[in-house]
>>> print(open('input-v5.tsv').read())   # TSV, C-alpha atoms and all ligand atoms
chain	number	residue	atom	x	y	z
J	219	MET	CA	0.00	0.00	0.00
J	220	ALA	CA	2.81	2.40	0.87
J	221	GLU	CA	4.11	2.30	-2.71
J	222	SER	CA	0.65	2.78	-4.27
J	223	PRO	CA	-0.18	6.18	-5.67
J	224	VAL	CA	-2.49	7.22	-2.86
J	225	ALA	CA	-4.29	9.97	-4.81
J	226	LEU	CA	-5.15	7.54	-7.61
J	227	LEU	CA	-6.49	5.00	-5.11
J	228	VAL	CA	-8.63	7.65	-3.45
J	229	VAL	CA	-10.07	8.67	-6.84
J	230	LEU	CA	-10.76	5.02	-7.72
J	231	ARG	CA	-12.47	4.34	-4.39
J	232	PHE	CA	-14.44	7.58	-4.70
J	233	ILE	CA	-15.77	6.66	-8.16
J	234	HIS	CA	-16.49	3.05	-7.08
J	235	VAL	CA	-18.35	4.03	-3.90
J	236	LEU	CA	-20.22	6.86	-5.66
J	237	ALA	CA	-21.39	4.39	-8.32
J	238	ALA	CA	-22.48	1.99	-5.53
J	239	ALA	CA	-24.46	4.73	-3.76
J	240	LEU	CA	-26.15	5.83	-7.01
J	241	TRP	CA	-26.90	2.26	-8.06
J	242	VAL	CA	-28.49	1.19	-4.76
J	243	GLY	CA	-30.09	4.61	-4.14
J	244	GLY	CA	-31.56	4.75	-7.66
J	245	GLY	CA	-33.00	1.26	-7.22
J	246	ILE	CA	-34.61	2.26	-3.93
J	247	VAL	CA	-36.20	5.33	-5.59
J	248	VAL	CA	-37.71	3.12	-8.33
J	249	LEU	CA	-39.02	0.73	-5.67
J	250	ALA	CA	-40.51	3.64	-3.71
J	251	ALA	CA	-42.26	4.85	-6.89
J	252	ARG	CA	-43.66	1.36	-7.43
J	253	ALA	CA	-44.84	1.07	-3.83
J	254	ALA	CA	-46.76	4.39	-4.00
J	255	PRO	CA	-50.28	3.71	-5.39
J	256	ASN	CA	-51.60	6.00	-8.13
J	257	LEU	CA	-48.27	7.70	-8.49
J	258	THR	CA	-47.12	8.03	-12.06
J	259	PRO	CA	-43.81	9.83	-11.81
J	260	LEU	CA	-42.76	8.79	-15.30
J	261	ALA	CA	-46.04	9.62	-17.03
J	262	GLY	CA	-44.53	12.33	-19.22
J	263	LEU	CA	-41.75	10.15	-20.59
J	264	SER	CA	-42.02	7.90	-23.59
J	265	SER	CA	-41.12	4.25	-23.02
J	266	ALA	CA	-38.47	4.45	-25.75
J	267	VAL	CA	-36.69	7.31	-23.96
J	268	LEU	CA	-36.96	5.45	-20.63
J	269	GLY	CA	-35.67	2.21	-22.12
J	270	ARG	CA	-32.67	3.96	-23.68
J	271	THR	CA	-31.92	5.85	-20.46
J	272	VAL	CA	-32.06	2.75	-18.26
J	273	GLY	CA	-29.96	0.83	-20.79
J	274	ARG	CA	-27.31	3.55	-20.79
J	275	LEU	CA	-27.30	3.78	-16.98
J	276	VAL	CA	-26.90	0.02	-16.56
J	277	GLY	CA	-24.15	-0.07	-19.21
J	278	THR	CA	-22.27	2.86	-17.65
J	279	GLY	CA	-22.69	1.45	-14.13
J	280	PHE	CA	-21.38	-1.94	-15.24
J	281	ALA	CA	-18.33	-0.39	-16.94
J	282	VAL	CA	-17.55	1.85	-13.94
J	283	PHE	CA	-17.85	-1.02	-11.42
J	284	VAL	CA	-15.77	-3.42	-13.50
J	285	VAL	CA	-12.93	-0.97	-14.29
J	286	THR	CA	-12.63	0.48	-10.77
J	287	GLY	CA	-13.37	-2.89	-9.11
J	288	VAL	CA	-10.65	-4.72	-11.06
J	289	LEU	CA	-8.08	-2.00	-10.21
J	290	LEU	CA	-9.05	-2.07	-6.51
J	291	THR	CA	-8.79	-5.88	-6.62
J	292	PHE	CA	-5.24	-5.75	-8.07
J	293	ASN	CA	-4.28	-3.24	-5.41
J	294	ARG	CA	-5.58	-5.46	-2.57
J	295	LEU	CA	-4.17	-8.71	-3.94
J	296	ALA	CA	-0.72	-7.11	-4.17
J	297	GLU	CA	-0.70	-6.93	-0.35
J	298	GLN	CA	1.20	-9.73	1.40
J	299	THR	CA	-1.26	-9.74	4.29
J	300	ILE	CA	-4.37	-10.55	2.23
J	301	ASP	CA	-5.50	-14.13	2.98
J	302	ALA	CA	-7.69	-16.83	1.40
J	303	ALA	CA	-10.76	-15.74	3.40
J	304	TYR	CA	-10.53	-12.24	1.85
J	305	VAL	CA	-10.25	-13.75	-1.63
J	306	ALA	CA	-13.25	-16.02	-0.98
J	307	VAL	CA	-15.43	-13.07	0.07
J	308	LEU	CA	-14.21	-11.03	-2.91
J	309	VAL	CA	-15.04	-13.86	-5.34
J	310	SER	CA	-18.52	-14.17	-3.77
J	311	LYS	CA	-19.03	-10.42	-4.10
J	312	THR	CA	-17.94	-10.42	-7.75
J	313	LEU	CA	-20.24	-13.36	-8.61
J	314	LEU	CA	-23.19	-11.63	-6.91
J	315	ALA	CA	-22.37	-8.41	-8.80
J	316	LEU	CA	-22.30	-10.25	-12.15
J	317	ALA	CA	-25.66	-11.91	-11.34
J	318	MET	CA	-27.10	-8.51	-10.41
J	319	PHE	CA	-25.92	-6.88	-13.66
J	320	ARG	CA	-27.35	-9.76	-15.67
J	321	LEU	CA	-30.74	-9.19	-14.03
J	322	ALA	CA	-30.53	-5.45	-14.69
J	323	VAL	CA	-29.82	-5.63	-18.44
J	324	PRO	CA	-32.93	-4.12	-20.08
J	325	GLY	CA	-33.12	-6.84	-22.73
J	326	ARG	CA	-33.75	-9.39	-20.00
J	327	ARG	CA	-36.61	-7.45	-18.46
J	328	PRO	CA	-40.09	-8.84	-18.97
J	329	ALA	CA	-41.34	-5.32	-19.59
J	330	GLU	CA	-39.99	-1.87	-20.19
J	331	PRO	CA	-39.32	0.45	-17.18
J	332	ARG	CA	-42.66	2.26	-17.09
J	333	ALA	CA	-44.51	-1.06	-17.16
J	334	ALA	CA	-42.19	-2.32	-14.42
J	335	ILE	CA	-43.33	0.56	-12.24
J	336	SER	CA	-47.04	-0.01	-12.84
J	337	ASP	CA	-46.65	-3.81	-12.55
J	338	ARG	CA	-49.46	-5.26	-10.43
J	339	ARG	CA	-47.15	-7.56	-8.45
J	340	PRO	CA	-46.24	-6.28	-4.96
J	341	TRP	CA	-43.01	-4.28	-5.04
J	342	TRP	CA	-41.11	-6.81	-2.94
J	343	GLN	CA	-41.68	-9.50	-5.60
J	344	SER	CA	-40.35	-7.38	-8.43
J	345	ARG	CA	-37.12	-7.76	-10.36
J	346	THR	CA	-36.08	-4.31	-9.11
J	347	ALA	CA	-36.46	-5.52	-5.50
J	348	LEU	CA	-34.17	-8.45	-6.25
J	349	ILE	CA	-31.61	-6.12	-7.87
J	350	VAL	CA	-31.74	-3.74	-4.88
J	351	GLY	CA	-31.47	-6.69	-2.45
J	352	LEU	CA	-28.42	-8.00	-4.28
J	353	GLY	CA	-26.95	-4.48	-4.33
J	354	LEU	CA	-27.37	-4.16	-0.55
J	355	ALA	CA	-25.80	-7.60	0.01
J	356	ILE	CA	-22.86	-6.60	-2.22
J	357	TYR	CA	-22.51	-3.32	-0.33
J	358	LEU	CA	-22.38	-5.24	2.97
J	359	LEU	CA	-19.78	-7.68	1.61
J	360	SER	CA	-17.68	-4.68	0.52
J	361	LEU	CA	-17.68	-3.28	4.05
J	362	ILE	CA	-16.71	-6.73	5.38
J	363	LEU	CA	-13.86	-6.85	2.83
J	364	ASN	CA	-12.64	-3.48	4.04
J	365	GLU	CA	-12.69	-4.64	7.69
J	366	MET	CA	-10.88	-7.87	6.75
J	367	ALA	CA	-8.15	-5.92	4.98
J	368	GLU	CA	-7.78	-3.50	7.91
J	369	LEU	CA	-7.58	-6.39	10.40
J	370	SER	CA	-4.93	-8.16	8.34
J	371	PHE	CA	-2.79	-4.97	8.27
J	372	ARG	CA	-3.17	-4.52	12.04
J	373	SER	CA	-2.28	-8.14	12.82
J	374	VAL	CA	1.02	-7.72	10.93
J	375	GLY	CA	1.88	-4.25	12.19
J	401	LIG	C1	-17.09	-6.43	-10.84
J	401	LIG	C2	-17.58	-5.96	-9.78
J	401	LIG	C3	-16.80	-5.46	-8.55
J	401	LIG	C4	-15.51	-5.70	-8.12
J	401	LIG	C5	-14.43	-6.55	-8.78
J	401	LIG	C6	-15.34	-4.95	-6.88
J	401	LIG	C7	-14.18	-4.92	-6.11
J	401	LIG	C8	-13.99	-4.15	-4.98
J	401	LIG	C9	-12.79	-4.13	-4.16
J	401	LIG	C10	-11.55	-4.99	-4.38
J	401	LIG	C11	-12.99	-3.24	-3.16
J	401	LIG	C12	-12.02	-2.90	-2.03
J	401	LIG	C13	-12.44	-3.69	-0.78
J	401	LIG	C14	-11.46	-3.46	0.37
J	401	LIG	O1	-11.53	-2.38	0.99
J	401	LIG	O2	-10.66	-4.36	0.64
J	401	LIG	C15	-14.33	-2.68	-3.33
J	401	LIG	C16	-14.89	-1.73	-2.49
J	401	LIG	C17	-16.21	-1.40	-2.49
J	401	LIG	N1	-17.18	-1.88	-3.36
J	401	LIG	FE1	-16.84	-3.04	-5.00
J	401	LIG	N2	-16.51	-4.28	-6.60
J	401	LIG	C18	-17.42	-4.59	-7.58
J	401	LIG	C19	-18.74	-4.17	-7.65
J	401	LIG	C20	-19.39	-3.46	-6.64
J	401	LIG	C21	-20.81	-3.20	-6.59
J	401	LIG	C22	-21.80	-3.65	-7.65
J	401	LIG	C23	-21.05	-2.49	-5.43
J	401	LIG	C24	-22.35	-1.97	-4.85
J	401	LIG	C25	-23.54	-2.27	-5.20
J	401	LIG	C26	-19.79	-2.29	-4.77
J	401	LIG	C27	-19.61	-1.60	-3.59
J	401	LIG	C28	-18.40	-1.34	-2.99
J	401	LIG	C29	-18.20	-0.46	-1.84
J	401	LIG	C30	-19.31	0.32	-1.11
J	401	LIG	C31	-16.85	-0.50	-1.53
J	401	LIG	C32	-16.11	0.30	-0.44
J	401	LIG	C33	-16.04	-0.44	0.88
J	401	LIG	C34	-15.25	0.46	1.85
J	401	LIG	O3	-14.09	0.74	1.63
J	401	LIG	O4	-15.83	0.92	2.84
J	401	LIG	N3	-18.79	-2.91	-5.52
J	401	LIG	N4	-14.91	-3.25	-4.43
>>> encode(input="input-v5.tsv", output="structure tokens")
Amino acid sequence: MAESPVALLVVLRFIHVLAAALWVGGGIVVLAARAAPNLTPLAGLSSAVLGRTVGRLVGTGFAVFVVTGVLLTFNRLAEQTIDAAYVAVLVSKTLLALAMFRLAVPGRRPAEPRAAISDRRPWWQSRTALIVGLGLAIYLLSLILNEMAELSFRSVG
């Protein structure tokens, strides 16, 4: 860590965590809109515009997470103190993230975004709820990873 360019790492972490906050926060906003009866927050938008926007957001989010996540992974794995347990949690996190992105790709949705919001199923049974749930689980695993790395540094120092 001491040899790593600290400013670059801070920028990488900032972008990664910002993307995580926007991803999970955005999902929660969509869920809240679904849960509110008779609320049509997207009424003025055409489904084509919505579909394109969601597609772009998912694509950008995926690219940002993968690029920054891979660089953060290289940085952590370069540490001598990182153990097999850390790697196991990181692999689990990455697999969950890939599953989440697969679910979020617009082409795999049963309906376009506006229909997803007015879907009759209860909000907790929706695809968005599953994506948000996975996002929260991934967020938690990330905090655990951070604690594991900190503990491993302390146990050596
Ligand atoms: C390909 C996907 C991803 C990879 C390879 C990846 C990898 C990583 C790595 C290596 C770290 C540093 C962990 C540490 O401190 O030891 C990290 C931090 C973090 N990741 Fe990811 N990540 C990915 C996707 C995501 C996603 C989808 C989310 C959220 C939904 C997320 C949320 C976070 C957060 C919040 C942190 C900061 C934890 C902290 O320092 O407090 N990551 N990620």
>>> residues_near_ligand(input="input-v5.tsv", ligand="ligand LIG 401 (chain J)", cutoff="6 Å", atoms="only C-alpha atoms and all ligand atoms", output="number ranges by chain")
J: 235, 238, 283-284, 287-288, 290-291, 312, 315, 353, 356-357, 360-361, 363-364, 367
>>> closest_residue(input="input-v5.tsv", among="J:Val285, J:Trp241, J:Val374, J:Leu295", to="J:Met318", atoms="all atoms listed in the file")
J:Trp241
>>> closest_residue(input="input-v5.tsv", among="J:Leu314, J:Val224, J:Thr278, J:Phe319", to="J:Ala355", atoms="all atoms listed in the file")
J:Leu314
>>> closest_residue(input="input-v5.tsv", among="J:Leu354, J:Val307, J:Ile300, J:Leu348", to="J:Phe371", atoms="only C-alpha atoms")
J:Ile300
>>> residues_around(input="input-v5.tsv", residues="J:Gly244", least_positions_apart="3", cutoff="12 Å", atoms="all atoms listed in the file", output="PyMOL selection string")
chain J and resi 236-241+247-251+272+275-276+279+346-347+349-350+353
>>> closest_residue(input="input-v5.tsv", among="J:Arg339, J:Arg270, J:Arg231, J:Arg372", to="J:Leu289", atoms="only C-alpha atoms")
J:Arg231
>>> closest_residue(input="input-v5.tsv", among="J:His234, J:Arg345, J:Arg252, J:Arg294", to="J:Val282", atoms="only C-alpha atoms")
J:His234
>>> build_atoms(input="input-v5.tsv", residues="stretch 267-301 of chain J", atoms="N, CA and C atoms", output="tab-separated table (two decimals), keeping the file's coordinate frame")
chain	number	residue	atom	x	y	z
J	267	VAL	N	-37.69	6.47	-24.64
J	267	VAL	CA	-36.69	7.31	-23.96
J	267	VAL	C	-36.26	6.63	-22.65
J	268	LEU	N	-37.26	6.12	-21.91
J	268	LEU	CA	-36.96	5.45	-20.63
J	268	LEU	C	-36.07	4.24	-20.86
J	269	GLY	N	-36.43	3.43	-21.84
J	269	GLY	CA	-35.67	2.21	-22.12
J	269	GLY	C	-34.23	2.54	-22.44
J	270	ARG	N	-34.03	3.57	-23.29
J	270	ARG	CA	-32.67	3.96	-23.68
J	270	ARG	C	-31.90	4.46	-22.46
J	271	THR	N	-32.59	5.28	-21.63
J	271	THR	CA	-31.92	5.85	-20.46
J	271	THR	C	-31.48	4.75	-19.49
J	272	VAL	N	-32.41	3.83	-19.19
J	272	VAL	CA	-32.06	2.75	-18.26
J	272	VAL	C	-30.93	1.91	-18.85
J	273	GLY	N	-31.01	1.62	-20.15
J	273	GLY	CA	-29.96	0.83	-20.79
J	273	GLY	C	-28.60	1.50	-20.66
J	274	ARG	N	-28.58	2.82	-20.88
J	274	ARG	CA	-27.31	3.55	-20.79
J	274	ARG	C	-26.79	3.55	-19.35
J	275	LEU	N	-27.72	3.74	-18.39
J	275	LEU	CA	-27.30	3.78	-16.98
J	275	LEU	C	-26.72	2.44	-16.55
J	276	VAL	N	-27.39	1.35	-16.95
J	276	VAL	CA	-26.90	0.02	-16.56
J	276	VAL	C	-25.53	-0.23	-17.21
J	277	GLY	N	-25.42	0.13	-18.50
J	277	GLY	CA	-24.15	-0.07	-19.21
J	277	GLY	C	-23.02	0.73	-18.57
J	278	THR	N	-23.30	2.00	-18.25
J	278	THR	CA	-22.27	2.86	-17.65
J	278	THR	C	-21.91	2.33	-16.26
J	279	GLY	N	-22.94	1.98	-15.47
J	279	GLY	CA	-22.69	1.45	-14.13
J	279	GLY	C	-21.82	0.20	-14.19
J	280	PHE	N	-22.14	-0.70	-15.10
J	280	PHE	CA	-21.38	-1.94	-15.24
J	280	PHE	C	-19.91	-1.62	-15.55
J	281	ALA	N	-19.70	-0.74	-16.53
J	281	ALA	CA	-18.33	-0.39	-16.94
J	281	ALA	C	-17.57	0.24	-15.77
J	282	VAL	N	-18.22	1.16	-15.06
J	282	VAL	CA	-17.55	1.85	-13.94
J	282	VAL	C	-17.18	0.85	-12.85
J	283	PHE	N	-18.13	-0.04	-12.48
J	283	PHE	CA	-17.85	-1.02	-11.42
J	283	PHE	C	-16.72	-1.96	-11.83
J	284	VAL	N	-16.78	-2.44	-13.08
J	284	VAL	CA	-15.77	-3.42	-13.50
J	284	VAL	C	-14.38	-2.78	-13.53
J	285	VAL	N	-14.25	-1.60	-14.16
J	285	VAL	CA	-12.93	-0.97	-14.29
J	285	VAL	C	-12.36	-0.63	-12.91
J	286	THR	N	-13.15	0.08	-12.10
J	286	THR	CA	-12.63	0.48	-10.77
J	286	THR	C	-12.48	-0.74	-9.87
J	287	GLY	N	-13.42	-1.69	-9.96
J	287	GLY	CA	-13.37	-2.89	-9.11
J	287	GLY	C	-12.14	-3.74	-9.41
J	288	VAL	N	-11.82	-3.91	-10.70
J	288	VAL	CA	-10.65	-4.72	-11.06
J	288	VAL	C	-9.37	-4.04	-10.55
J	289	LEU	N	-9.29	-2.71	-10.68
J	289	LEU	CA	-8.08	-2.00	-10.21
J	289	LEU	C	-7.96	-2.09	-8.69
J	290	LEU	N	-9.10	-1.94	-7.98
J	290	LEU	CA	-9.05	-2.07	-6.51
J	290	LEU	C	-8.65	-3.50	-6.12
J	291	THR	N	-9.13	-4.47	-6.91
J	291	THR	CA	-8.79	-5.88	-6.62
J	291	THR	C	-7.28	-6.10	-6.77
J	292	PHE	N	-6.70	-5.60	-7.87
J	292	PHE	CA	-5.24	-5.75	-8.07
J	292	PHE	C	-4.48	-5.12	-6.91
J	293	ASN	N	-4.95	-3.95	-6.50
J	293	ASN	CA	-4.28	-3.24	-5.41
J	293	ASN	C	-4.30	-4.07	-4.12
J	294	ARG	N	-5.47	-4.66	-3.80
J	294	ARG	CA	-5.58	-5.46	-2.57
J	294	ARG	C	-4.76	-6.74	-2.68
J	295	LEU	N	-4.84	-7.42	-3.82
J	295	LEU	CA	-4.17	-8.71	-3.94
J	295	LEU	C	-2.65	-8.56	-3.98
J	296	ALA	N	-2.17	-7.34	-4.20
J	296	ALA	CA	-0.72	-7.11	-4.17
J	296	ALA	C	-0.19	-7.07	-2.74
J	297	GLU	N	-1.12	-6.96	-1.76
J	297	GLU	CA	-0.70	-6.93	-0.35
J	297	GLU	C	-0.34	-8.32	0.13
J	298	GLN	N	0.77	-8.43	0.86
J	298	GLN	CA	1.20	-9.73	1.40
J	298	GLN	C	0.23	-10.26	2.45
J	299	THR	N	-0.46	-9.34	3.13
J	299	THR	CA	-1.26	-9.74	4.29
J	299	THR	C	-2.64	-10.30	3.90
J	300	ILE	N	-3.04	-10.10	2.64
J	300	ILE	CA	-4.37	-10.55	2.23
J	300	ILE	C	-4.41	-12.09	2.21
J	301	ASP	N	-5.45	-12.67	2.86
J	301	ASP	CA	-5.50	-14.13	2.98
J	301	ASP	C	-6.61	-14.75	2.12
